Amino acid sequence: MTKTDVKFKIPAEWEPQSCLWVGWPSHNDDDRWPGVTLLNARQEIAAMISVVSEGETVKVLACTEEAVASARVMVGDVAEIVVAEFGDVWMRDTGPIFTRDGYALRFGHNGWGGKYLYDNDDTIGDIIAERSGKGAVKYDYILEGGALDHNGKGTILTTRQCVLNENRNGWDEETAAQALKDAFGAQRICWLDQGLRGDHTDGHVDNLARFVGENTVLCQTACNVEDPNAALYEETAQALREMGFDVVEMPSPGLITDEDGNVMPASYMNFIITNGAVVMPSYGALREDEALLVLKGLFPDRKVVSVSSRAVLTGGGSFHCITQQEPVYDEE
């Protein structure tokens, strides 16, 4: 199917979901999982799946014989294992974006600006669309799902650093805004400037700020004076207020580094919202309990928990990055 004049309806993440797609770490090489064993990352993802599966169907994508076997042992009792070829686990970016009216929107993928080029990352979205039974609508430009956040009412939050980057499409702001409005049936595109330090995605918004209500955006404040993103957090909250949003703030994880001392993009914003639960990534950082309390206040009708994501972060992202929700469709 090709693009039509249909104005697609993109649900907010807190709206009812039919299932959650999850990537399972499947490649045992240092390029994808430097300094951490696959077992550590798999254990963290399994713990997250255990929480989510209490409220909805979880479909776990795995490839390689060993990875499929491990998924069946570790989560096969609470999740459906889907065997499919992919390059890495970041299904938020390589998978389709589902619409409320029954389509799977597919965009080009170039390895996050040519930095991480793996076989089958450009095709796994087609497989997910096919397995979902929804019609795939394809666009010929580069776009990752983690670069956008939706309020379910036609407003998109994103960053200039990523979407306007020369290593994606070379768009100017006007061209990008029109493309996003056309693809998602959006009325308003809200631009933040930069993403987190150390974020290899060139500043995905799902590490920076997230909709938690139609006009409410959650973002972070500096954990302490060592926080490498302190100035960014202040600028982000101010920009959101100037856009007219109600802003809620929570402490960040602060400075988290890899084994070489490099700043990592640790963020509590990489939480996932599911039918019965909200899962916040944990990095063993200061003030984590404070951050979790903020989320609990925002989602009083859901189970809100933190689950370790330190090993997953070593691979480049966290729980929001490895998942993609499929909504309950209008016709259902």
# chains A, B, ... in the order shown; residues from 1 in each chain; ligands from 1
call {"tool": "select_by_dssp", "arguments": {"residues": "region 100-301 of chain A", "states": "helix (DSSP H, G or I)", "output": "JSON, numbers by chain"}}
result
{"A": [111, 112, 113, 114, 124, 125, 126, 127, 128, 129, 130, 131, 132, 145, 146, 147, 160, 161, 162, 163, 173, 174, 175, 176, 177, 178, 179, 180, 181, 182, 183, 184, 205, 206, 207, 230, 231, 232, 233, 234, 235, 236, 237, 238, 239, 240, 241, 242, 268, 269, 270, 288, 289, 290, 291, 292, 293, 294, 295, 296, 297, 298]}
call {"tool": "residues_around", "arguments": {"residues": "Gly146 (chain A)", "least_positions_apart": "6", "cutoff": "6 Å", "atoms": "only C-alpha atoms", "output": "PyMOL selection string"}}
result
chain A and resi 92-93+204+206
call {"tool": "write_last_selection", "arguments": {"atoms": "C-alpha atoms", "output": "PDB file, in the first residue's frame"}}
result
ATOM      1  CA  ARG A  92      10.895   1.831  18.637  1.00  0.00           C
ATOM      2  CA  ASP A  93      13.056   3.068  15.762  1.00  0.00           C
ATOM      3  CA  HIS A 204      15.733  11.441  20.423  1.00  0.00           C
ATOM      4  CA  ASP A 206      11.977  10.001  24.195  1.00  0.00           C
TER       5      ASP A 206
END
call {"tool": "atom_distance", "arguments": {"atom1": "CA of Met91 (chain A)", "atom2": "CA of Ile273 (chain A)"}}
result
15.4 Å
call {"tool": "residues_around", "arguments": {"residues": "Ser252 (chain A)", "least_positions_apart": "3", "cutoff": "6 Å", "atoms": "only C-alpha atoms", "output": "VMD selection string"}}
result
chain A and resid 220 to 223
call {"tool": "write_last_selection", "arguments": {"atoms": "C-alpha atoms", "output": "CSV table (one decimal), in the first residue's frame"}}
result
chain,number,residue,atom,x,y,z
A,220,GLN,CA,13.8,16.1,34.1
A,221,THR,CA,15.8,18.4,36.4
A,222,ALA,CA,19.4,18.0,37.2
A,223,CYS,CA,20.1,15.3,39.8
call {"tool": "residues_around", "arguments": {"residues": "Leu39 (chain A)", "least_positions_apart": "5", "cutoff": "12 Å", "atoms": "only C-alpha atoms", "output": "PDB file with C-alpha atoms, in the first residue's frame"}}
result
ATOM      1  CA  TRP A  24      15.235  -9.577  22.395  1.00  0.00           C
ATOM      2  CA  PRO A  25      19.052  -9.206  22.379  1.00  0.00           C
ATOM      3  CA  SER A  26      20.118 -11.771  19.811  1.00  0.00           C
ATOM      4  CA  HIS A  27      23.668 -11.000  18.660  1.00  0.00           C
ATOM      5  CA  ASN A  28      26.670 -11.894  20.770  1.00  0.00           C
ATOM      6  CA  TRP A  33      26.622  -5.109  23.502  1.00  0.00           C
ATOM      7  CA  GLU A  44      16.533  -6.987  32.660  1.00  0.00           C
ATOM      8  CA  ILE A  45      14.226  -7.246  29.660  1.00  0.00           C
ATOM      9  CA  ALA A  46      12.676 -10.415  31.065  1.00  0.00           C
ATOM     10  CA  GLU A  66      20.381 -19.527  20.501  1.00  0.00           C
ATOM     11  CA  ALA A  67      18.473 -16.290  21.069  1.00  0.00           C
ATOM     12  CA  SER A  70      16.847 -18.258  25.446  1.00  0.00           C
ATOM     13  CA  ALA A  71      13.694 -16.192  24.952  1.00  0.00           C
ATOM     14  CA  MET A  74      13.227 -16.833  30.055  1.00  0.00           C
ATOM     15  CA  ALA A 311      22.865  -3.477  31.036  1.00  0.00           C
ATOM     16  CA  VAL A 312      20.346  -2.498  28.350  1.00  0.00           C
TER      17      VAL A 312
END
call {"tool": "select_by_dssp", "arguments": {"residues": "region 47-174 of chain A", "states": "strand (DSSP E)", "output": "number ranges by chain"}}
result
A: 57-62, 80-83, 97-98, 103-108, 135-142, 148-150, 155-159
call {"tool": "closest_residue", "arguments": {"among": "A:Glu15, A:Glu249, A:Asp121, A:Asp258", "to": "Trp90 (chain A)", "atoms": "only C-alpha atoms"}}
result
A:Asp121
call {"tool": "closest_residue", "arguments": {"among": "A:Tyr118, A:Trp21, A:Tyr139, A:Trp171", "to": "Gly95 (chain A)", "atoms": "only C-alpha atoms"}}
result
A:Trp21
call {"tool": "residues_around", "arguments": {"residues": "Lys9 (chain A)", "least_positions_apart": "2", "cutoff": "9 Å", "atoms": "only C-alpha atoms", "output": "ChimeraX atom specification"}}
result
/A:7,11,98-101,152-154,184-186
call {"tool": "atom_distance", "arguments": {"atom1": "CA of Asn229 (chain A)", "atom2": "CA of Val89 (chain A)"}}
result
26.0 Å
call {"tool": "closest_residue", "arguments": {"among": "A:Cys190, A:Ile49, A:Gly261, A:Ile256", "to": "Thr236 (chain A)", "atoms": "only C-alpha atoms"}}
result
A:Cys190
call {"tool": "closest_residue", "arguments": {"among": "A:Val279, A:Asp122, A:Gly114, A:Gly315", "to": "Leu292 (chain A)", "atoms": "only C-alpha atoms"}}
result
A:Val279
